[in-house]
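Step one of this worksheet: look at the structure below.
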Amino acid sequence: MAEYNLVSECVGLITLRNPPVNALSAAVRQGIVDTVQRALSDPNVKSVVICGQNGIFCGGADIKEFGSNMTGPPLIPMIHAIESANKPVVAAIEGSALGGGLELALGCHYRIAHSKARLGLPEVTLGLLPAAGGSQRLPRLIGVPAALNLITTGRHVTAAEALQLGIVDQVTDHNTVDAAVKFALSVAGRSLGPRRISAHPCPQQPDLDALFEEVMQKVRQSARGAIAPIACVQAVRAAATLPYAQGMERERELMATLFTSGQARALQYCFFAERAVGRWRMPSGARWDTSKPRPLHKAAVIGLGIMGRGITVALAQTGLSVIAVETQEKQLMEAKQAISGMLERGAKRRGVAPALDRVIYSQNIQAVADVDLVIEAVFEDIALKTKVFQQLSAVCKPGTLLCTNTSALDVDQLASETPNPELVVGMHFFAPAHVMKLLEVVYGPRSSPQAVATAMQLGKKMGKASVAVGNCRGFVGNRMLKPYIEEAFFLLEEGATPELVDQALEEFGFAMGVFRMSDLSGLDVGWRIRKGDGLVEPSTASGRSTRIRQGRRYSPLGDLLCEEGRFGQKTGRGWYQYDKPGSRVARSDPWLHSFLGAYRAQHGLVARRIDHQEVLERCLYALINEGFHILDDGIAAGPEDIDVIYVSGYGWPRHRGGPMFYANMVGLAKVLERLEHYQQLHPEVPHLQPSSLLRRLVASGSPPIHKWGEAIKKLHSQL
Ligand SMILES: CCCCCCCCCCCCC/C=C/C(=O)SCCNC(=O)CCNC(=O)[C@H](O)C(C)(C)COP(=O)(O)OP(=O)(O)OC[C@H]1O[C@@H](n2cnc3c(N)ncnc32)[C@H](O)[C@@H]1OP(=O)(O)O
């Protein structure tokens with residue numbers, strides 16, 4: 001919908017009205033077509049201003065329409081009609097002008113932006129390209145290199161940067177619509193030819209071929225198999241080399257390939273999934289919209305190792321006062337230096353003053369007496385954490401929320417050690433905590449809805465994808481990682497190499513294969529956990545029986561490497577070799593290959609040829625299968641929660657939508673069939689046994705992913 005008013009006697013003011021972001025739905029497009037026509041045909045109107053209601057210009061095309069039959073006037077002719085108008089049209093940009101919203105503004109003759117506005121062409125993040133002329137107009141307006149940067153990354157720019165680049169004509173700190181109306185009055189009657197961007201030639205660029213070759217190479221590398229960034233480069237190339245009309249034709253062709261692609265579906269699913277996880281709910285019936293978060297002013301972090309330092313930085317950057325506690329003086333001084341450095345670097349990047357004085361350092365846990373929330377980040381040891389929780393319960397004022405940054409320990413057990421278990425939740429950060437996007441907020445059966453709401457809101461303020469999950473071993477992310485890693489170990493026993501497994505996973509789109517990731521995070525982490533679980537045994541024994549532990553297949557390969565002191569990057573040796581400890585470039589290691597050969601010989605294993613498909617099926621389907629168990633157990637509220645966790649915290653390629661979305665794309669029946677196949681071959685591997693939820697979903701006709709929630713409820717009620 002678009003509203004029309006005549007203001008200042010001769011300016012036609014068109015206001016887009018489609019809350020919350022004034023997306024260009026069919027009704028809005030129709031409204032724009034009608035109101036523009038009205039303004040142009042009214043002889044009293046000398047110029048036109050387009051703005052959006054509620055302080056936001058336009059969030060772009062209506063993404064929800066993409067999956068359906070699109071009706072209403074198409075965007076491209078609508079924008080052409082504005083550009084070819086014989087009266088000046090000014091875009092008054094407040095809040096956001098994104099995607100189709102910015103393309104609409106580029107069709108206007110002038111653009112005035114509020115200083116707090118943000119502009120961008122983020123279509124690439126949805127698996128698309130700016131196909132309402134954006135890929136053709138932006139390079140003509142700001143030149144090829146800058147346009148390539150914006151279009152291939154989808155990044156949003158501030159009004160100041162937009163002014164510098166030449167995207168907007170004026171920036172105001174005052175009322176943007178008033179400024180635009182004033183501006184529109186001042187340009188009434190001026191020649192519009194030079195203001196029509198489509199009529200501009202693209203600014204000359206020396207050695208265009210070399211530029212595009214270089215950009216294409218970079219984009220291919222960072223795209224990890226995503227097709228939209230490549231199509232974006234091709235579209236900008238068309239703008240640089242073809243007349244406008246032919247460039248538009250090329251833009252349309254490229255968009256046609258992207259529009260119906262699985263990648264676009266996956267990326268748009270991720271967009272909505274990220275928003276859906278904010279609408280959390282607990283099995284108790286508590287929900288996001290009925291649970292009020294507690295206001296937070298002061299927080300504390302206990303334990304200033306790597307995690308505690310990152311958490312302190314993340315808290316201080318949200319504007320909270322933080323008491324950072326570390327009992328050992330030397331560690332406290334080291335942490336203070338490290339935290340100050342991180343805050344200074346972060347502030348420099350964001351162009352703000354560092355929040356150094358927001359952090360107070362103390363060796364004494366008594367210093368946290370008056371904080372609203374504490375995040376405990378001491379060593380991962382249940383006895384130590386229990387002690388800290390007991391101390392906190394005695395020290396903190398009544399009502400202080402007690403959060404534990406554990407990655408695997410039982411949040412409910414910790415809660416039971418405190419007099420107020422309802423105040424306890426897990427906040428599982430990922431290292432480095434001030435950088436990584438993911439936060440698992442873990443609730444136990446006794447966590448209060450308010451405690452969960454507060455932790456979720458805090459995560460959002462930190463800019464994290466916060467996902468509320470139930471309490472179980474490994475929560476969601478690490479629980480699903482276990483079968484994935486185990487399958488990778490089994491594949492090595494059967495004849496694969498770390499290089500082969502990693503290559504298959506990286507070609508699939510993972511940032512890093514499982515073995516490179518293991519080298520980065522340290523092999524000793526898993527070793528310690530397996531020791532704690534009583535799985536690690538002396539390495540001298542051989543034969544099949546030593547590879548069955550606690551009644552299931554077990555591979556001691558990781559343990560054997562640790563016994564050799566090969567902990568990964570930090571020791572310069574792991575599944576790969578490195579130039580020196582701490583170095584990041586993984587090189588194939590002949591020692592490892594002969595070690596694998598000797599291991600197979602010792603255990604009577606005959607290496608066979610393993611292809612990429614088997615690697616993907618065994619590692620990914622085992623992980624997905626665990627995801628179905630998690631849904632069945634009610635640990636994650638829906639497949640979106642699992643997918644957001646995997647995309648934002650575990651390097652799962654976003655253009656494949658997350659593991660559960662991927663299973664839906666592959667087909668549940670196919671996933672089930674392959675799991676059954678591998679389970680027959682490896683009966684001693686329980687994680688290959690298809691989950692009963694997967695079986696039930698297939699039996700009920702494999703509903704599409706957005707219907708799983710309903711199906712799960714129905715299946716549970718039939719049990
Ligand atoms: C057969 C072949 C045919 C081929 C040819 C096809 C022709 C088609 C041609 C079409 C050409 C189109 C070219 C243009 C494409 C686009 O414009 S794509 C959209 C680009 N825009 C974006 O990516 C912006 C997305 N939105 C945001 O980044 C943020 O929402 C925001 C605008 C910055 C606001 O942020 P915030 O205040 O934090 O609010 P949110 O929580 O993010 O959002 C609030 C709710 O609004 C929903 N929403 C946001 N944007 C859109 C949108 N563009 N469309 C629909 N809905 C949107 C969002 O989902 C939230 O709602 P809930 O999910 O219900 O919470």
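Identifiers for the structure tokens are assigned positionally: chains receive A, B, ... in sequence, residues are indexed from 1 per chain, and ligands are indexed from 1 in the order shown.
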Practice item. Report the residues of region 340-398 of chain A whose backbone DSSP state falls under strand (DSSP E or B), written as a list in words. Key: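 These are the residues in question: Val359, Ile360, Tyr361, Ser362, Leu373, Val374, Ile375 and Glu376 of chain A.
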Point to revise | Selection near His677 (chain A), 10 Å with only C-alpha atoms, sequence-local residues under 5 positions removed, as a VMD selection string | key: chain A and resid 671 to 672 682 688 to 689
Practice item. Can you work out which one of A:Tyr621, A:Ser702, A:Ile375, A:Ser47 has the shortest atom-to-atom distance to Arg190 (chain A), counting only C-alpha atoms? Key: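 Checking each of A:Tyr621, A:Ser702, A:Ile375, A:Ser47 against Arg190 (chain A), counting only C-alpha atoms, the winner is A:Ser47.
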**Study point:** Residues near Glu617 (chain A), cut-off 12 Å, only C-alpha atoms, skip fewer than 2 positions along chain, as a ChimeraX atom specification
**Key:** /A:484,487-488,491,501,504-505,508,610-615,619-625,659,662-663,666,670-679,688
Review point. If you count only C-alpha atoms and all ligand atoms, which residues end up within 6 Å of ligand 1, as a PyMOL selection string?
Key: chain A and resi 20-21+23+59-64+96+98-100+122-123+130-132+255-256+259+272+275
Check your understanding: Which residue, A:Ser407, A:Ser594, A:Ser362, A:Gln234, has the smallest gap to Val525 (chain A) when you use only C-alpha atoms?
Key -> A:Ser407
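Shortest atom-to-atom contact with Ile79 (chain A) among A:Glu65, A:Glu486, A:Glu9, A:Glu103: A:Glu103, counting only C-alpha atoms.
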Exercise for review: Choose the residue, out of A:Phe389, A:Tyr269, A:Phe212, A:Phe628, that has the smallest atom-to-atom separation from Thr241 (chain A); count only C-alpha atoms.
Suggested key: A:Phe212
Review point. Hey, can you check how far CA of Gly667 (chain A) sits from CA of Gly651 (chain A)?
Key: 22.2 Å
Check your understanding: What lies within 10 Å of region 354-356 of chain A using only C-alpha atoms, ignoring chain neighbours under 5 positions off, as an MDAnalysis selection string?
Key -> chainID A and resid 313 316:321 336 339:348
Dump as a PDB file, in the first residue's frame, selection limited to N, CA, C and O atoms:
```pdb
ATOM      1  N   VAL A 313      34.501  -9.132  26.911  1.00  0.00           N
ATOM      2  CA  VAL A 313      34.507  -8.147  25.814  1.00  0.00           C
ATOM      3  C   VAL A 313      33.097  -8.020  25.224  1.00  0.00           C
ATOM      4  O   VAL A 313      32.585  -6.915  25.029  1.00  0.00           O
ATOM      5  N   ALA A 316      30.884  -6.054  27.647  1.00  0.00           N
ATOM      6  CA  ALA A 316      31.231  -4.620  27.720  1.00  0.00           C
ATOM      7  C   ALA A 316      30.793  -3.908  26.446  1.00  0.00           C
ATOM      8  O   ALA A 316      30.328  -2.769  26.487  1.00  0.00           O
ATOM      9  N   GLN A 317      30.912  -4.600  25.311  1.00  0.00           N
ATOM     10  CA  GLN A 317      30.535  -3.961  24.042  1.00  0.00           C
ATOM     11  C   GLN A 317      29.029  -3.732  23.912  1.00  0.00           C
ATOM     12  O   GLN A 317      28.598  -2.959  23.080  1.00  0.00           O
ATOM     13  N   THR A 318      28.244  -4.441  24.728  1.00  0.00           N
ATOM     14  CA  THR A 318      26.798  -4.184  24.674  1.00  0.00           C
ATOM     15  C   THR A 318      26.426  -3.009  25.587  1.00  0.00           C
ATOM     16  O   THR A 318      25.268  -2.638  25.670  1.00  0.00           O
ATOM     17  N   GLY A 319      27.405  -2.481  26.330  1.00  0.00           N
ATOM     18  CA  GLY A 319      27.133  -1.318  27.171  1.00  0.00           C
ATOM     19  C   GLY A 319      26.965  -1.660  28.641  1.00  0.00           C
ATOM     20  O   GLY A 319      26.677  -0.781  29.450  1.00  0.00           O
ATOM     21  N   LEU A 320      27.140  -2.925  29.015  1.00  0.00           N
ATOM     22  CA  LEU A 320      26.998  -3.310  30.425  1.00  0.00           C
ATOM     23  C   LEU A 320      28.290  -3.008  31.202  1.00  0.00           C
ATOM     24  O   LEU A 320      29.383  -3.062  30.633  1.00  0.00           O
ATOM     25  N   SER A 321      28.136  -2.732  32.505  1.00  0.00           N
ATOM     26  CA  SER A 321      29.318  -2.687  33.370  1.00  0.00           C
ATOM     27  C   SER A 321      29.642  -4.133  33.723  1.00  0.00           C
ATOM     28  O   SER A 321      28.734  -4.911  34.022  1.00  0.00           O
ATOM     29  N   LYS A 336      43.604  -8.833  31.886  1.00  0.00           N
ATOM     30  CA  LYS A 336      43.290  -7.402  31.761  1.00  0.00           C
ATOM     31  C   LYS A 336      43.938  -6.839  30.490  1.00  0.00           C
ATOM     32  O   LYS A 336      43.304  -6.114  29.724  1.00  0.00           O
ATOM     33  N   ILE A 339      42.076  -8.338  27.405  1.00  0.00           N
ATOM     34  CA  ILE A 339      40.722  -7.781  27.233  1.00  0.00           C
ATOM     35  C   ILE A 339      40.811  -6.335  26.742  1.00  0.00           C
ATOM     36  O   ILE A 339      40.090  -5.940  25.812  1.00  0.00           O
ATOM     37  N   SER A 340      41.720  -5.549  27.332  1.00  0.00           N
ATOM     38  CA  SER A 340      41.869  -4.152  26.909  1.00  0.00           C
ATOM     39  C   SER A 340      42.247  -4.099  25.430  1.00  0.00           C
ATOM     40  O   SER A 340      41.703  -3.291  24.667  1.00  0.00           O
ATOM     41  N   GLY A 341      43.152  -4.976  25.022  1.00  0.00           N
ATOM     42  CA  GLY A 341      43.573  -5.011  23.606  1.00  0.00           C
ATOM     43  C   GLY A 341      42.387  -5.332  22.705  1.00  0.00           C
ATOM     44  O   GLY A 341      42.173  -4.683  21.677  1.00  0.00           O
ATOM     45  N   MET A 342      41.579  -6.324  23.104  1.00  0.00           N
ATOM     46  CA  MET A 342      40.423  -6.714  22.264  1.00  0.00           C
ATOM     47  C   MET A 342      39.423  -5.567  22.181  1.00  0.00           C
ATOM     48  O   MET A 342      38.864  -5.283  21.131  1.00  0.00           O
ATOM     49  N   LEU A 343      39.203  -4.902  23.331  1.00  0.00           N
ATOM     50  CA  LEU A 343      38.241  -3.783  23.327  1.00  0.00           C
ATOM     51  C   LEU A 343      38.759  -2.637  22.448  1.00  0.00           C
ATOM     52  O   LEU A 343      38.000  -2.028  21.690  1.00  0.00           O
ATOM     53  N   GLU A 344      40.052  -2.384  22.529  1.00  0.00           N
ATOM     54  CA  GLU A 344      40.616  -1.285  21.728  1.00  0.00           C
ATOM     55  C   GLU A 344      40.533  -1.601  20.236  1.00  0.00           C
ATOM     56  O   GLU A 344      40.114  -0.771  19.440  1.00  0.00           O
ATOM     57  N   ARG A 345      40.884  -2.837  19.869  1.00  0.00           N
ATOM     58  CA  ARG A 345      40.841  -3.192  18.444  1.00  0.00           C
ATOM     59  C   ARG A 345      39.408  -3.154  17.922  1.00  0.00           C
ATOM     60  O   ARG A 345      39.143  -2.645  16.836  1.00  0.00           O
ATOM     61  N   GLY A 346      38.470  -3.666  18.737  1.00  0.00           N
ATOM     62  CA  GLY A 346      37.057  -3.683  18.324  1.00  0.00           C
ATOM     63  C   GLY A 346      36.526  -2.270  18.147  1.00  0.00           C
ATOM     64  O   GLY A 346      35.820  -1.973  17.180  1.00  0.00           O
ATOM     65  N   ALA A 347      36.913  -1.382  19.085  1.00  0.00           N
ATOM     66  CA  ALA A 347      36.435   0.004  19.016  1.00  0.00           C
ATOM     67  C   ALA A 347      37.001   0.694  17.784  1.00  0.00           C
ATOM     68  O   ALA A 347      36.300   1.445  17.101  1.00  0.00           O
ATOM     69  N   LYS A 348      38.256   0.406  17.483  1.00  0.00           N
ATOM     70  CA  LYS A 348      38.891   1.027  16.314  1.00  0.00           C
ATOM     71  C   LYS A 348      38.149   0.611  15.038  1.00  0.00           C
ATOM     72  O   LYS A 348      37.851   1.424  14.184  1.00  0.00           O
TER      73      LYS A 348
END
```
Check your understanding: Got a sec to tell me which of region 149-275 of chain A DSSP assigns to helix (DSSP H, G or I), as a PyMOL selection string?
Key -> chain A and resi 149-153+159-165+176-187+193-195+197-199+208-223+228-241+244-259+262-275
All residues 12 Å or closer to His593 (chain A), only C-alpha atoms, same chain fewer than 2 positions away omitted, as a PDB file with N, CA, C and O atoms, in the first residue's frame:
```
ATOM      1  N   LEU A 492      38.657 -43.299   8.142  1.00  0.00           N
ATOM      2  CA  LEU A 492      40.122 -43.435   8.090  1.00  0.00           C
ATOM      3  C   LEU A 492      40.516 -44.895   8.295  1.00  0.00           C
ATOM      4  O   LEU A 492      41.394 -45.412   7.611  1.00  0.00           O
ATOM      5  N   GLU A 493      39.856 -45.543   9.218  1.00  0.00           N
ATOM      6  CA  GLU A 493      40.186 -46.955   9.469  1.00  0.00           C
ATOM      7  C   GLU A 493      39.941 -47.789   8.214  1.00  0.00           C
ATOM      8  O   GLU A 493      40.668 -48.716   7.904  1.00  0.00           O
ATOM      9  N   GLY A 495      40.082 -46.873   5.070  1.00  0.00           N
ATOM     10  CA  GLY A 495      40.910 -46.631   3.886  1.00  0.00           C
ATOM     11  C   GLY A 495      41.006 -45.181   3.460  1.00  0.00           C
ATOM     12  O   GLY A 495      41.776 -44.852   2.555  1.00  0.00           O
ATOM     13  N   ALA A 496      40.207 -44.288   4.050  1.00  0.00           N
ATOM     14  CA  ALA A 496      40.276 -42.878   3.645  1.00  0.00           C
ATOM     15  C   ALA A 496      41.486 -42.201   4.284  1.00  0.00           C
ATOM     16  O   ALA A 496      42.122 -42.768   5.172  1.00  0.00           O
ATOM     17  N   THR A 497      41.793 -41.000   3.805  1.00  0.00           N
ATOM     18  CA  THR A 497      42.828 -40.175   4.430  1.00  0.00           C
ATOM     19  C   THR A 497      42.158 -38.903   4.948  1.00  0.00           C
ATOM     20  O   THR A 497      41.070 -38.548   4.481  1.00  0.00           O
ATOM     21  N   PRO A 498      42.808 -38.196   5.880  1.00  0.00           N
ATOM     22  CA  PRO A 498      42.236 -36.915   6.326  1.00  0.00           C
ATOM     23  C   PRO A 498      42.019 -35.964   5.150  1.00  0.00           C
ATOM     24  O   PRO A 498      41.026 -35.244   5.088  1.00  0.00           O
ATOM     25  N   GLU A 499      42.962 -36.000   4.172  1.00  0.00           N
ATOM     26  CA  GLU A 499      42.854 -35.100   3.023  1.00  0.00           C
ATOM     27  C   GLU A 499      41.583 -35.397   2.232  1.00  0.00           C
ATOM     28  O   GLU A 499      40.858 -34.489   1.822  1.00  0.00           O
ATOM     29  N   LEU A 500      41.298 -36.699   2.014  1.00  0.00           N
ATOM     30  CA  LEU A 500      40.123 -37.074   1.219  1.00  0.00           C
ATOM     31  C   LEU A 500      38.835 -36.653   1.925  1.00  0.00           C
ATOM     32  O   LEU A 500      37.931 -36.067   1.319  1.00  0.00           O
ATOM     33  N   GLY A 574      49.325 -32.869  13.920  1.00  0.00           N
ATOM     34  CA  GLY A 574      48.021 -33.410  14.297  1.00  0.00           C
ATOM     35  C   GLY A 574      47.633 -34.381  13.197  1.00  0.00           C
ATOM     36  O   GLY A 574      48.382 -35.315  12.895  1.00  0.00           O
ATOM     37  N   TRP A 575      46.492 -34.145  12.565  1.00  0.00           N
ATOM     38  CA  TRP A 575      46.115 -34.938  11.389  1.00  0.00           C
ATOM     39  C   TRP A 575      46.928 -34.490  10.186  1.00  0.00           C
ATOM     40  O   TRP A 575      47.028 -35.171   9.186  1.00  0.00           O
ATOM     41  N   TYR A 576      47.496 -33.291  10.291  1.00  0.00           N
ATOM     42  CA  TYR A 576      48.381 -32.716   9.274  1.00  0.00           C
ATOM     43  C   TYR A 576      49.657 -32.282   9.978  1.00  0.00           C
ATOM     44  O   TYR A 576      49.757 -32.322  11.197  1.00  0.00           O
ATOM     45  N   GLN A 577      50.616 -31.793   9.172  1.00  0.00           N
ATOM     46  CA  GLN A 577      51.792 -31.179   9.786  1.00  0.00           C
ATOM     47  C   GLN A 577      51.806 -29.686   9.460  1.00  0.00           C
ATOM     48  O   GLN A 577      51.226 -29.236   8.471  1.00  0.00           O
ATOM     49  N   SER A 588      49.997 -32.019   4.093  1.00  0.00           N
ATOM     50  CA  SER A 588      49.865 -33.463   4.184  1.00  0.00           C
ATOM     51  C   SER A 588      51.093 -34.038   4.900  1.00  0.00           C
ATOM     52  O   SER A 588      52.205 -33.562   4.697  1.00  0.00           O
ATOM     53  N   ASP A 589      50.890 -35.061   5.729  1.00  0.00           N
ATOM     54  CA  ASP A 589      51.994 -35.575   6.532  1.00  0.00           C
ATOM     55  C   ASP A 589      52.242 -37.052   6.222  1.00  0.00           C
ATOM     56  O   ASP A 589      51.405 -37.909   6.549  1.00  0.00           O
ATOM     57  N   PRO A 590      53.383 -37.362   5.590  1.00  0.00           N
ATOM     58  CA  PRO A 590      53.673 -38.770   5.246  1.00  0.00           C
ATOM     59  C   PRO A 590      53.667 -39.657   6.492  1.00  0.00           C
ATOM     60  O   PRO A 590      53.268 -40.812   6.443  1.00  0.00           O
ATOM     61  N   TRP A 591      54.098 -39.105   7.640  1.00  0.00           N
ATOM     62  CA  TRP A 591      54.101 -39.894   8.892  1.00  0.00           C
ATOM     63  C   TRP A 591      52.687 -40.413   9.178  1.00  0.00           C
ATOM     64  O   TRP A 591      52.492 -41.580   9.516  1.00  0.00           O
ATOM     65  N   PHE A 595      51.431 -44.140   9.512  1.00  0.00           N
ATOM     66  CA  PHE A 595      50.798 -44.510  10.786  1.00  0.00           C
ATOM     67  C   PHE A 595      49.451 -45.196  10.523  1.00  0.00           C
ATOM     68  O   PHE A 595      49.145 -46.241  11.108  1.00  0.00           O
ATOM     69  N   LEU A 596      48.669 -44.626   9.590  1.00  0.00           N
ATOM     70  CA  LEU A 596      47.360 -45.226   9.294  1.00  0.00           C
ATOM     71  C   LEU A 596      47.528 -46.626   8.699  1.00  0.00           C
ATOM     72  O   LEU A 596      46.797 -47.555   9.045  1.00  0.00           O
ATOM     73  N   GLY A 597      48.549 -46.757   7.817  1.00  0.00           N
ATOM     74  CA  GLY A 597      48.823 -48.069   7.212  1.00  0.00           C
ATOM     75  C   GLY A 597      49.157 -49.098   8.288  1.00  0.00           C
ATOM     76  O   GLY A 597      48.613 -50.217   8.308  1.00  0.00           O
ATOM     77  N   ALA A 598      50.048 -48.694   9.216  1.00  0.00           N
ATOM     78  CA  ALA A 598      50.477 -49.611  10.279  1.00  0.00           C
ATOM     79  C   ALA A 598      49.290 -49.955  11.180  1.00  0.00           C
ATOM     80  O   ALA A 598      49.117 -51.110  11.602  1.00  0.00           O
ATOM     81  N   TYR A 599      48.474 -48.975  11.459  1.00  0.00           N
ATOM     82  CA  TYR A 599      47.305 -49.185  12.329  1.00  0.00           C
ATOM     83  C   TYR A 599      46.359 -50.203  11.698  1.00  0.00           C
ATOM     84  O   TYR A 599      45.893 -51.141  12.355  1.00  0.00           O
ATOM     85  N   ARG A 600      46.124 -50.021  10.377  1.00  0.00           N
ATOM     86  CA  ARG A 600      45.199 -50.955   9.707  1.00  0.00           C
ATOM     87  C   ARG A 600      45.781 -52.373   9.748  1.00  0.00           C
ATOM     88  O   ARG A 600      45.070 -53.339  10.016  1.00  0.00           O
ATOM     89  N   ALA A 607      42.417 -51.691   3.598  1.00  0.00           N
ATOM     90  CA  ALA A 607      41.963 -50.391   3.071  1.00  0.00           C
ATOM     91  C   ALA A 607      41.182 -50.596   1.779  1.00  0.00           C
ATOM     92  O   ALA A 607      41.547 -51.418   0.949  1.00  0.00           O
TER      93      ALA A 607
END
```
Practice item. Please provide the set of residues having any atom within 7 Å of region 279-291 of chain A, restricted to only C-alpha atoms, with same-chain residues fewer than 4 positions apart removed, written as an MDAnalysis selection string. Key: chainID A and resid 449:450 453 468 637
Take the residues just selected and output them with N, CA and C atoms as a PDB file, in the first residue's frame.
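Generated file (result14.pdb):
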```
ATOM      1  N   PRO A 449      11.174 -19.052  32.954  1.00  0.00           N
ATOM      2  CA  PRO A 449      11.042 -18.386  31.656  1.00  0.00           C
ATOM      3  C   PRO A 449      11.750 -17.030  31.652  1.00  0.00           C
ATOM      4  N   GLN A 450      11.746 -16.333  32.794  1.00  0.00           N
ATOM      5  CA  GLN A 450      12.397 -15.021  32.822  1.00  0.00           C
ATOM      6  C   GLN A 450      13.920 -15.153  32.656  1.00  0.00           C
ATOM      7  N   ALA A 453      14.442 -15.804  29.008  1.00  0.00           N
ATOM      8  CA  ALA A 453      14.171 -14.588  28.222  1.00  0.00           C
ATOM      9  C   ALA A 453      15.317 -13.592  28.358  1.00  0.00           C
ATOM     10  N   ALA A 468      17.509 -21.104  21.990  1.00  0.00           N
ATOM     11  CA  ALA A 468      17.171 -21.743  23.262  1.00  0.00           C
ATOM     12  C   ALA A 468      17.073 -23.252  23.040  1.00  0.00           C
ATOM     13  N   ALA A 637      13.427 -26.920  19.573  1.00  0.00           N
ATOM     14  CA  ALA A 637      11.987 -26.730  19.350  1.00  0.00           C
ATOM     15  C   ALA A 637      11.588 -27.048  17.918  1.00  0.00           C
TER      16      ALA A 637
END
```
Review point. Using only C-alpha atoms, which of A:Ile151, A:Leu414, A:Ala636, A:Ala238 sits nearest Glu440 (chain A)?
Key: A:Ala636
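With only C-alpha atoms as the atoms that count, the minimum distance from Met307 (chain A) to the choices A:Ser261, A:Thr406, A:Ser393, A:Thr454 is reached by A:Thr406.
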Study note, to complete from the structure: The distance between CA of Leu523 (chain A) and CA of Ala431 (chain A) is 15.6 Å
Review point. Near Val378 (chain A), counting only C-alpha atoms, which residues have an atom at most 7 Å away, once you skip same-chain residues fewer than 5 positions from it, shown as a list in words?
Key: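 Listing them by chain and then by number gives Ile302, Gly303 and Lys385 of chain A.
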Output file for the selection above: C-alpha atoms, as an mmCIF file, in the first residue's frame:
```cif
data_model
loop_
_atom_site.group_PDB
_atom_site.id
_atom_site.type_symbol
_atom_site.label_atom_id
_atom_site.label_comp_id
_atom_site.auth_asym_id
_atom_site.auth_seq_id
_atom_site.Cartn_x
_atom_site.Cartn_y
_atom_site.Cartn_z
ATOM 1 C CA ILE A 302 34.070 -15.591 36.686
ATOM 2 C CA GLY A 303 37.236 -17.103 35.219
ATOM 3 C CA LYS A 385 31.776 -25.262 38.678
#
```
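Put simply, CA of Ala27 (chain A) is 22.6 Å away from CA of Val177 (chain A).
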